[in-house]
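Source file model35.csv; content: CSV, C-alpha atoms.
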```csv
chain,number,residue,atom,x,y,z
A,1,MET,CA,85.3,94.3,107.9
A,2,TYR,CA,88.6,96.1,107.6
A,3,ILE,CA,90.4,97.2,104.5
A,4,ASN,CA,94.0,96.3,105.5
A,5,ALA,CA,95.7,97.0,102.1
A,6,CYS,CA,94.9,98.8,98.9
A,7,SER,CA,96.8,99.0,95.6
A,8,THR,CA,95.9,100.8,92.4
A,9,ILE,CA,97.5,101.1,89.0
A,10,SER,CA,95.7,103.8,87.0
A,11,HIS,CA,96.2,106.9,84.9
A,12,GLN,CA,97.0,108.7,88.2
A,13,ASN,CA,100.2,108.3,90.1
A,14,SER,CA,98.5,106.0,92.5
A,15,PHE,CA,100.8,103.0,92.8
A,16,ARG,CA,102.7,102.9,96.1
A,17,ASN,CA,102.1,106.6,96.6
A,18,GLU,CA,100.6,107.5,99.9
A,19,ASN,CA,100.0,111.1,98.8
A,20,TRP,CA,98.3,110.2,95.6
A,21,ILE,CA,94.9,111.6,96.7
A,22,ASN,CA,96.4,115.0,97.0
A,23,GLU,CA,98.0,114.7,93.5
A,24,LEU,CA,94.9,113.8,91.5
A,25,THR,CA,94.7,115.6,88.2
A,26,VAL,CA,91.8,115.8,85.8
A,27,LEU,CA,92.8,113.4,82.9
A,28,GLU,CA,93.3,114.9,79.5
A,29,GLU,CA,92.4,113.2,76.3
A,30,GLY,CA,94.8,110.3,75.5
A,31,SER,CA,96.3,110.1,79.0
A,32,GLU,CA,98.6,107.2,79.7
A,33,LEU,CA,98.5,104.4,82.2
A,34,ILE,CA,101.2,105.0,84.9
A,35,THR,CA,102.8,101.7,85.5
A,36,PRO,CA,105.4,100.5,87.9
A,37,ASN,CA,108.3,98.3,86.8
A,38,TYR,CA,106.4,95.0,86.6
A,39,LYS,CA,109.6,93.0,86.6
A,40,GLU,CA,110.0,93.9,90.3
A,41,PHE,CA,106.8,91.9,91.0
A,42,ILE,CA,106.5,89.2,88.3
A,43,ALA,CA,109.2,86.7,87.4
A,44,PRO,CA,110.6,87.2,83.9
A,45,SER,CA,109.6,83.7,82.8
A,46,ALA,CA,106.0,84.5,83.6
A,47,ILE,CA,105.7,88.2,82.6
A,48,ARG,CA,106.7,87.6,78.9
A,49,ARG,CA,103.3,86.3,78.0
A,50,MET,CA,101.2,88.5,80.3
A,51,SER,CA,99.0,91.2,78.8
A,52,LYS,CA,98.4,94.6,80.5
A,53,ILE,CA,95.4,93.5,82.5
A,54,ILE,CA,97.2,90.5,84.0
A,55,ARG,CA,100.3,92.5,84.8
A,56,MET,CA,98.2,95.1,86.5
A,57,GLY,CA,96.1,92.7,88.5
A,58,LEU,CA,98.9,90.5,89.6
A,59,THR,CA,101.1,93.4,90.6
A,60,CYS,CA,98.4,95.1,92.7
A,61,SER,CA,97.6,91.7,94.3
A,62,LYS,CA,101.3,91.2,95.2
A,63,ASP,CA,101.4,94.7,96.6
A,64,CYS,CA,98.4,94.0,98.8
A,65,VAL,CA,100.0,90.8,100.0
A,66,GLU,CA,103.2,92.7,100.9
A,67,GLN,CA,101.4,95.5,102.6
A,68,SER,CA,99.1,93.3,104.7
A,69,GLY,CA,101.6,90.5,105.4
A,70,ILE,CA,98.8,88.0,104.5
A,71,GLU,CA,100.6,85.7,102.1
A,72,ASN,CA,97.8,83.1,101.8
A,73,PRO,CA,94.4,84.8,101.7
A,74,ASP,CA,91.3,82.6,102.2
A,75,ALA,CA,89.8,83.7,98.9
A,76,ILE,CA,90.9,85.5,95.7
A,77,ILE,CA,88.0,87.3,94.1
A,78,VAL,CA,88.3,89.4,90.9
A,79,GLY,CA,85.8,91.6,89.0
A,80,THR,CA,86.3,92.5,85.4
A,81,GLY,CA,83.9,94.0,83.0
A,82,LEU,CA,85.4,93.0,79.7
A,83,GLY,CA,88.2,90.7,80.8
A,84,CYS,CA,91.4,90.0,78.9
A,85,LEU,CA,90.6,92.1,75.8
A,86,SER,CA,94.1,92.1,74.3
A,87,ASP,CA,94.4,88.3,74.3
A,88,THR,CA,90.8,87.9,73.1
A,89,GLU,CA,91.5,90.2,70.1
A,90,LYS,CA,94.8,88.3,69.4
A,91,PHE,CA,93.1,84.9,69.6
A,92,LEU,CA,90.2,86.0,67.3
A,93,ASN,CA,92.6,87.5,64.8
A,94,ASN,CA,94.7,84.3,64.8
A,95,SER,CA,91.6,82.2,64.2
A,96,LEU,CA,90.7,84.3,61.2
A,97,THR,CA,94.2,84.6,59.7
A,98,ILE,CA,96.2,81.5,60.5
A,99,LYS,CA,95.7,78.4,58.5
A,100,GLY,CA,96.3,75.3,60.5
A,101,LEU,CA,96.6,75.0,64.3
A,102,ILE,CA,95.9,78.2,66.3
A,103,PRO,CA,98.6,79.2,68.8
A,104,PRO,CA,97.2,78.3,72.2
A,105,THR,CA,98.6,81.1,74.5
A,106,SER,CA,96.2,83.9,73.5
A,107,PHE,CA,93.3,81.5,73.7
A,108,ILE,CA,94.3,80.2,77.1
A,109,GLN,CA,94.7,83.8,78.4
A,110,SER,CA,91.6,85.2,76.7
A,111,THR,CA,89.2,84.0,79.4
A,112,HIS,CA,88.0,86.5,82.1
A,113,ASN,CA,89.3,84.3,84.9
A,114,THR,CA,92.9,84.4,83.7
A,115,ILE,CA,93.6,87.3,86.1
A,116,ALA,CA,92.4,85.5,89.2
A,117,GLY,CA,94.1,82.3,88.0
A,118,GLN,CA,97.4,83.9,87.5
A,119,ILE,CA,97.2,85.5,91.0
A,120,SER,CA,96.5,82.1,92.4
A,121,LEU,CA,99.5,80.6,90.6
A,122,ALA,CA,101.8,83.4,91.7
A,123,LEU,CA,100.7,83.2,95.3
A,124,LYS,CA,100.6,79.3,95.2
A,125,ASN,CA,97.1,79.7,96.6
A,126,HIS,CA,94.6,76.9,96.4
A,127,ASN,CA,91.7,78.5,98.1
A,128,TYR,CA,88.4,79.9,96.7
A,129,ASN,CA,89.1,81.6,93.4
A,130,ILE,CA,86.4,83.2,91.4
A,131,THR,CA,85.8,85.9,88.8
A,132,HIS,CA,82.7,88.1,88.6
A,133,THR,CA,81.8,89.7,85.3
A,134,GLN,CA,78.7,91.8,85.6
A,135,ASN,CA,79.3,94.7,83.3
A,136,SER,CA,79.8,98.0,85.2
A,137,LEU,CA,78.8,96.2,88.5
A,138,SER,CA,81.6,93.6,88.3
A,139,PHE,CA,83.6,95.1,91.2
A,140,GLU,CA,80.6,95.5,93.5
A,141,HIS,CA,79.6,91.8,92.9
A,142,SER,CA,83.1,90.9,93.9
A,143,LEU,CA,82.9,92.9,97.0
A,144,ILE,CA,79.5,91.3,97.9
A,145,ASP,CA,81.1,87.9,97.4
A,146,ALA,CA,84.0,88.9,99.6
A,147,ILE,CA,81.6,90.1,102.3
A,148,LEU,CA,79.8,86.8,102.2
A,149,CYS,CA,83.1,84.9,102.6
A,150,LEU,CA,84.1,87.0,105.5
A,151,ASN,CA,80.7,86.6,107.1
A,152,GLU,CA,81.2,82.8,106.9
A,153,GLU,CA,84.5,81.3,107.9
A,154,ASP,CA,87.1,83.3,106.0
A,155,SER,CA,89.5,85.8,107.8
A,156,ASN,CA,91.3,87.4,104.9
A,157,VAL,CA,90.1,87.9,101.3
A,158,LEU,CA,92.0,89.4,98.4
A,159,VAL,CA,89.5,91.2,96.3
A,160,GLY,CA,89.9,93.6,93.4
A,161,ALA,CA,89.0,94.5,89.8
A,162,ALA,CA,90.8,95.2,86.5
A,163,ASP,CA,89.9,96.2,83.0
A,164,GLU,CA,92.1,97.1,80.1
A,165,ASP,CA,91.7,99.4,77.1
A,166,ILE,CA,92.8,98.4,73.7
A,167,PRO,CA,92.7,100.5,70.5
A,168,LEU,CA,89.9,98.4,69.0
A,169,LEU,CA,87.7,99.3,72.0
A,170,GLY,CA,87.9,103.0,71.0
A,171,GLU,CA,87.0,102.2,67.4
A,172,LEU,CA,84.0,100.2,68.5
A,173,ILE,CA,82.8,102.9,70.9
A,174,ASN,CA,83.0,105.5,68.1
A,175,GLU,CA,81.0,103.2,65.8
A,176,LEU,CA,78.4,102.9,68.5
A,177,GLY,CA,78.0,106.6,68.4
A,178,PHE,CA,79.6,107.7,71.7
A,179,LYS,CA,81.5,110.6,70.2
A,180,GLY,CA,84.3,112.1,72.3
A,181,VAL,CA,84.5,109.2,74.7
A,182,SER,CA,87.1,107.0,73.0
A,183,ASN,CA,89.9,109.4,74.0
A,184,HIS,CA,88.9,108.9,77.6
A,185,LEU,CA,88.9,105.1,77.7
A,186,THR,CA,91.4,103.9,80.2
A,187,SER,CA,92.9,100.9,81.9
A,188,GLY,CA,93.1,100.3,85.6
A,189,ALA,CA,93.3,97.8,88.5
A,190,SER,CA,92.6,98.2,92.2
A,191,PHE,CA,93.0,95.4,94.7
A,192,PHE,CA,92.3,95.2,98.5
A,193,MET,CA,93.0,92.9,101.4
A,194,LEU,CA,89.8,92.7,103.4
A,195,SER,CA,89.9,91.2,106.8
A,196,ASN,CA,87.8,90.5,109.8
A,197,ASN,CA,90.7,91.5,112.0
A,198,LYS,CA,91.7,95.1,112.7
A,199,THR,CA,95.5,95.5,112.5
A,200,ALA,CA,98.0,98.3,112.6
A,201,ASN,CA,97.6,98.3,108.8
A,202,SER,CA,93.8,98.9,108.8
A,203,LYS,CA,92.8,101.9,106.8
A,204,ALA,CA,89.0,101.9,106.8
A,205,ILE,CA,85.9,99.8,107.3
A,206,LEU,CA,83.9,98.3,104.4
A,207,VAL,CA,80.4,98.5,105.7
A,208,ASP,CA,78.3,97.1,102.8
A,209,SER,CA,77.9,96.9,99.0
A,210,TYR,CA,74.8,96.5,97.0
A,211,THR,CA,73.8,96.4,93.3
A,212,VAL,CA,70.6,96.8,91.2
A,213,GLY,CA,70.8,95.8,87.6
A,214,LEU,CA,68.7,97.5,84.9
A,215,ASN,CA,66.9,99.6,87.5
A,216,SER,CA,63.5,101.2,86.8
A,217,SER,CA,62.8,102.6,90.2
A,218,ASP,CA,63.6,106.0,91.6
A,219,PRO,CA,67.3,105.9,92.5
A,220,SER,CA,66.7,107.9,95.7
A,221,GLU,CA,64.5,105.1,97.0
A,222,ILE,CA,67.3,102.5,96.4
A,223,ILE,CA,69.8,104.8,98.0
A,224,ASN,CA,67.7,105.4,101.1
A,225,ALA,CA,66.8,101.7,101.4
A,226,PHE,CA,70.5,100.8,101.3
A,227,LEU,CA,71.4,103.4,103.9
A,228,THR,CA,68.4,102.4,106.1
A,229,GLN,CA,69.5,98.8,105.9
A,230,ASN,CA,72.8,99.9,107.3
A,231,ASN,CA,71.2,102.1,110.0
A,232,ARG,CA,72.1,105.4,108.2
A,233,SER,CA,70.6,108.3,106.5
A,234,LEU,CA,72.0,110.7,103.9
A,235,ASN,CA,72.8,113.1,106.8
A,236,ASP,CA,75.4,110.6,108.0
A,237,ILE,CA,77.3,110.7,104.7
A,238,ASP,CA,80.2,113.1,104.4
A,239,LEU,CA,81.2,112.5,100.8
A,240,VAL,CA,79.7,110.8,97.7
A,241,LEU,CA,82.0,109.5,95.0
A,242,SER,CA,79.9,109.3,91.9
A,243,ASN,CA,80.5,107.6,88.6
A,244,SER,CA,78.6,108.1,85.4
A,245,PHE,CA,79.1,108.0,81.6
A,246,GLY,CA,80.0,111.2,79.9
A,247,SER,CA,78.1,114.2,81.2
A,248,ILE,CA,74.9,112.2,81.3
A,249,GLY,CA,73.4,112.3,84.8
A,250,ALA,CA,76.1,114.4,86.5
A,251,THR,CA,73.7,117.2,87.4
A,252,GLU,CA,71.0,114.7,88.4
A,253,ILE,CA,73.4,112.9,90.6
A,254,LYS,CA,74.4,116.1,92.4
A,255,ALA,CA,70.8,117.0,92.9
A,256,LEU,CA,70.1,113.5,94.2
A,257,PHE,CA,72.6,113.9,97.1
A,258,SER,CA,72.3,117.6,97.7
A,259,PRO,CA,73.6,119.2,100.0
A,260,ILE,CA,76.2,116.5,100.4
A,261,LYS,CA,79.5,117.0,98.5
A,262,VAL,CA,79.6,114.8,95.3
A,263,THR,CA,82.9,114.2,93.5
A,264,PRO,CA,82.6,112.6,90.0
A,265,ILE,CA,85.5,110.2,89.8
A,266,GLU,CA,85.4,109.6,86.0
A,267,GLN,CA,87.4,112.8,85.6
A,268,TYR,CA,90.2,111.1,87.4
A,269,THR,CA,89.8,107.5,86.2
A,270,GLY,CA,88.5,107.9,82.7
A,271,TYR,CA,86.2,105.2,81.6
A,272,HIS,CA,86.5,101.5,82.3
A,273,LEU,CA,83.9,99.2,83.6
A,274,THR,CA,85.4,98.6,87.0
A,275,ASN,CA,86.5,102.1,87.9
A,276,ALA,CA,84.4,101.9,91.0
A,277,ALA,CA,87.3,99.9,92.4
A,278,PHE,CA,89.4,103.1,92.0
A,279,SER,CA,86.7,105.0,93.9
A,280,THR,CA,87.0,102.4,96.7
A,281,HIS,CA,90.7,102.9,97.1
A,282,LEU,CA,90.2,106.7,96.9
A,283,ALA,CA,87.5,106.6,99.6
A,284,THR,CA,89.7,104.3,101.8
A,285,ASP,CA,92.6,106.7,101.7
A,286,ILE,CA,90.4,109.8,102.2
A,287,LEU,CA,88.9,108.1,105.3
A,288,HIS,CA,92.3,107.1,106.5
A,289,GLN,CA,94.0,110.5,106.0
A,290,ASN,CA,91.2,113.0,106.5
A,291,ALA,CA,89.9,113.0,110.1
A,292,THR,CA,86.8,115.1,109.3
A,293,THR,CA,85.5,112.5,106.8
A,294,LYS,CA,83.8,109.7,108.6
A,295,SER,CA,81.6,108.1,106.0
A,296,VAL,CA,81.9,107.8,102.2
A,297,LEU,CA,79.2,106.5,99.8
A,298,ILE,CA,80.3,105.3,96.3
A,299,TYR,CA,77.5,105.7,93.8
A,300,ASN,CA,78.3,103.9,90.6
A,301,THR,CA,75.9,104.4,87.6
A,302,LEU,CA,78.5,104.1,84.9
A,303,TYR,CA,76.3,102.0,82.6
A,304,ASN,CA,72.7,102.7,81.9
A,305,ASN,CA,70.5,101.9,84.8
A,306,ASN,CA,72.9,99.7,86.7
A,307,ILE,CA,73.4,101.0,90.2
A,308,GLY,CA,76.2,100.1,92.5
A,309,LEU,CA,76.4,101.3,96.1
A,310,THR,CA,79.3,100.9,98.4
A,311,LEU,CA,79.6,102.3,101.9
A,312,LEU,CA,82.8,102.9,103.8
A,313,ASP,CA,83.5,104.2,107.2
A,314,SER,CA,86.6,105.6,108.9
A,315,LEU,CA,88.1,103.5,111.7
A,316,GLU,CA,86.9,106.1,114.2
A,317,ALA,CA,83.4,106.3,112.9
B,1,MET,CA,121.3,72.6,59.1
B,2,GLU,CA,122.9,75.7,60.6
B,3,ASN,CA,120.4,77.9,58.8
B,4,LEU,CA,117.6,75.8,60.2
B,5,LYS,CA,118.9,76.1,63.7
B,6,ALA,CA,119.2,79.9,63.4
B,7,THR,CA,115.7,80.1,62.1
B,8,LEU,CA,114.4,78.0,64.9
B,9,LYS,CA,116.0,80.2,67.5
B,10,GLU,CA,114.4,83.3,65.9
B,11,GLN,CA,111.0,81.6,65.7
B,12,ILE,CA,111.1,80.4,69.4
B,13,ILE,CA,112.1,83.9,70.6
B,14,GLU,CA,109.3,85.5,68.6
B,15,ARG,CA,106.5,83.0,69.2
B,16,LEU,CA,107.2,82.5,72.9
B,17,ASN,CA,107.8,86.2,73.6
B,18,LEU,CA,111.2,85.5,75.1
B,19,GLU,CA,111.9,89.1,76.2
B,20,ASP,CA,115.6,90.0,76.9
B,21,ILE,CA,116.8,86.9,75.0
B,22,SER,CA,118.6,87.0,71.7
B,23,VAL,CA,119.6,84.3,69.2
B,24,SER,CA,123.2,84.4,70.6
B,25,ASP,CA,121.9,83.6,74.1
B,26,ILE,CA,120.6,80.2,72.9
B,27,ASN,CA,123.3,77.6,72.3
B,28,ASP,CA,122.4,74.6,70.1
B,29,ASP,CA,122.6,72.3,73.1
B,30,THR,CA,120.9,74.5,75.6
B,31,ALA,CA,118.1,72.7,77.4
B,32,LEU,CA,114.9,74.4,76.2
B,33,PHE,CA,112.9,73.3,79.3
B,34,GLY,CA,113.8,73.2,82.9
B,35,GLU,CA,117.1,74.7,83.9
B,36,GLY,CA,118.0,76.0,80.4
B,37,LEU,CA,115.6,78.4,78.8
B,38,GLY,CA,112.9,77.5,81.4
B,39,LEU,CA,110.1,76.9,79.0
B,40,ASP,CA,106.9,75.4,80.4
B,41,SER,CA,103.9,73.4,79.3
B,42,ILE,CA,102.2,76.2,77.4
B,43,ASP,CA,105.4,76.8,75.5
B,44,ALA,CA,105.4,73.1,74.6
B,45,LEU,CA,102.0,73.5,73.0
B,46,GLU,CA,103.3,76.5,71.1
B,47,LEU,CA,106.2,74.4,69.8
B,48,ILE,CA,103.8,71.7,68.6
B,49,VAL,CA,101.8,74.3,66.7
B,50,LEU,CA,105.1,75.7,65.3
B,51,MET,CA,106.2,72.3,64.1
B,52,GLU,CA,102.9,71.6,62.3
B,53,ASN,CA,102.2,75.1,60.9
B,54,ASP,CA,105.7,76.0,59.8
B,55,TYR,CA,107.2,72.6,58.9
B,56,GLY,CA,104.2,70.4,58.3
B,57,ILE,CA,105.2,67.9,61.0
B,58,GLU,CA,102.4,66.5,63.1
B,59,LEU,CA,103.5,64.9,66.3
B,60,ALA,CA,101.5,61.7,66.4
B,61,ASN,CA,103.0,60.6,69.6
B,62,PRO,CA,103.2,63.3,72.3
B,63,GLU,CA,105.6,61.2,74.3
B,64,GLU,CA,108.2,61.9,71.6
B,65,GLY,CA,107.9,65.6,72.3
B,66,LYS,CA,110.1,65.5,75.4
B,67,GLU,CA,113.0,64.3,73.4
B,68,ILE,CA,112.3,66.3,70.2
B,69,PHE,CA,112.0,69.6,72.1
B,70,SER,CA,114.9,69.0,74.4
B,71,THR,CA,117.4,71.3,72.5
B,72,ILE,CA,117.7,73.2,69.3
B,73,ASN,CA,119.9,70.4,68.0
B,74,SER,CA,117.2,67.8,68.6
B,75,MET,CA,114.5,70.0,67.1
B,76,ALA,CA,116.6,70.7,63.9
B,77,ASP,CA,117.5,67.0,63.6
B,78,TYR,CA,113.9,65.9,63.8
B,79,ILE,CA,112.7,68.6,61.4
B,80,SER,CA,115.3,67.8,58.8
B,81,LYS,CA,114.3,64.1,58.9
B,82,ASN,CA,110.6,64.6,58.9
B,83,LYS,CA,109.9,67.9,57.1
B,84,LYS,CA,107.2,67.5,54.4
```
Take the structure from the file and write it as structure tokens.
Amino acid sequence: MYINACSTISHQNSFRNENWINELTVLEEGSELITPNYKEFIAPSAIRRMSKIIRMGLTCSKDCVEQSGIENPDAIIVGTGLGCLSDTEKFLNNSLTIKGLIPPTSFIQSTHNTIAGQISLALKNHNYNITHTQNSLSFEHSLIDAILCLNEEDSNVLVGAADEDIPLLGELINELGFKGVSNHLTSGASFFMLSNNKTANSKAILVDSYTVGLNSSDPSEIINAFLTQNNRSLNDIDLVLSNSFGSIGATEIKALFSPIKVTPIEQYTGYHLTNAAFSTHLATDILHQNATTKSVLIYNTLYNNNIGLTLLDSLEA
Amino acid sequence: MENLKATLKEQIIERLNLEDISVSDINDDTALFGEGLGLDSIDALELIVLMENDYGIELANPEEGKEIFSTINSMADYISKNKK
């Protein structure tokens, strides 16, 4: 299936910037989310109560619709690790501090599926609409769902992921003992229009995605089995985009894929549970713009022993 | 009554996150829903909560809400007659 549109809001200058892959910078502590003018994409009457994660998700979705020309996708599928944290925190604080009725807005918008729901409302789309929340594998689960939809009767699927950072998250991370990480927590959203049809807008091919939760096997066996299932071997991969937590595992990951080039992406995305979606956009644009790169494997081990594998090919592969 | 109307406007702007709108933008007879301020059903719930928490008025009959919440004038009038 073809990736016919991508859109990312992140701590990089990624939104509507075709050259963004050449402008990547290693994030410094306390880097800021780079946002577009949301009011260009969302009606003022709607935007006033939208938190950061909803604004990001909806704006990227609308950008994908505009890029692809697909105004009414057959499915809207969203992955999020922690969901609408800002509204959740607000709702919980209200429930503790307000005597009497609790204001409904933050409660209504605290659920994980608010993002997909708001996209559906904005696009006036009544098709399949679902949210996957599977910790650090939420985006891959969304991709797998999208692949299943496209293998059945759907032609175009809008799929993506979003997560937001709030100050409280950094405090909790510190209390959990992950020193030095809280300043690298980030927000981000990446959305894609996947299609069975190759068009003039097609950028790359999504070959497959696969997950293993709480893995206890040798990762190399899982990687090789995934590649074999897709009639590949490691020799067919030109680039691996890896993703791990802190410095844990970075050396092991490089050794796992040696001599293939491995680029750790957390240095560019910071940490949020669906930053593998950022990797997917990055891989797509590398495959689209760099003729020598034919195949990219995304290896996501952000959280413990969860493994996410996503394989992309160039259109010429 | 004028003080109550001014307070209501401030509360509505703050509780409903009406960005880019100030007290002076809301006339006493501006329709709060539809073509006027453009409030929606979630806002209606917020107004019900505001009435109960801030003025001690519980709307027993939701059907009345449409009339009560039609303008600042109608809200202020209802509150002044029913405030506990």
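With distances restricted to only C-alpha atoms, A:Ile108 is the closest residue to Ile42 in chain B from A:Ile108, A:Leu85, A:Leu312, A:Leu214.
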Query raised in the report: Got a sec: who's within 8 Å of range 45-60 of chain B, counting all atoms listed in the file, leaving out chain neighbours fewer than 6 positions off, as a list in words?
Result: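 Residues near the query, excluding close chain neighbours: Lys99, Gly100, Leu101, Ile102, Pro103, Pro104 and Thr105 of chain A; Ile12, Arg15, Leu16, Phe69, Ile79, Asn82, Lys83 and Lys84 of chain B.
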**Report entry** Contacts of Ala31 in chain B at 9 Å (only C-alpha atoms; same-chain gap of 3+ positions) as a PyMOL selection string
**Finding:** chain B and resi 27-28+34-38+69-72
Using C-alpha atoms, can you export the residues from the last selection as a CSV table (one decimal), keeping the file's coordinate frame?
```
chain,number,residue,atom,x,y,z
B,27,ASN,CA,123.3,77.6,72.3
B,28,ASP,CA,122.4,74.6,70.1
B,34,GLY,CA,113.8,73.2,82.9
B,35,GLU,CA,117.1,74.7,83.9
B,36,GLY,CA,118.0,76.0,80.4
B,37,LEU,CA,115.6,78.4,78.8
B,38,GLY,CA,112.9,77.5,81.4
B,69,PHE,CA,112.0,69.6,72.1
B,70,SER,CA,114.9,69.0,74.4
B,71,THR,CA,117.4,71.3,72.5
B,72,ILE,CA,117.7,73.2,69.3
```
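The shortest atom-to-atom distance to chain A, with all atoms listed in the file taken into account, belongs to B:Glu19 out of B:Asp29, B:Glu14, B:Asp40, B:Glu19.
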Query raised in the report: Can you tell me, as a PyMOL selection string, which residues sit within 10 Å of (101.3, 90.6, 97.9) in the file's frame, using all atoms listed in the file?
Result: chain A and resi 5+7+41+58-73+119+122-123+158+193
Asp236 in chain A: which residues within 8 Å, counting only C-alpha atoms, same-chain residues fewer than 3 positions away excluded, as a short mmCIF file (atom, residue, chain, number, x, y, z; two decimals) with C-alpha atoms, in the coordinates of the input?
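Saved as part_26.cif:
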```
data_model
loop_
_atom_site.label_atom_id
_atom_site.label_comp_id
_atom_site.auth_asym_id
_atom_site.auth_seq_id
_atom_site.Cartn_x
_atom_site.Cartn_y
_atom_site.Cartn_z
CA ARG A 232 72.10 105.40 108.20
CA SER A 233 70.60 108.30 106.50
CA SER A 295 81.60 108.10 106.00
#
```
Report task. Identify the residues within 6 Å of coordinate (115.2, 69.9, 63.7) (same frame as the file), considering all atoms listed in the file, and give the answer as a PyMOL selection string. Result -> chain B and resi 74-80
Report summary line: Nearest to Asp43 in chain B, restricted to only C-alpha atoms and choosing among B:Ile21, B:Ile13, B:Glu64, B:Ile26, comes out as B:Ile13
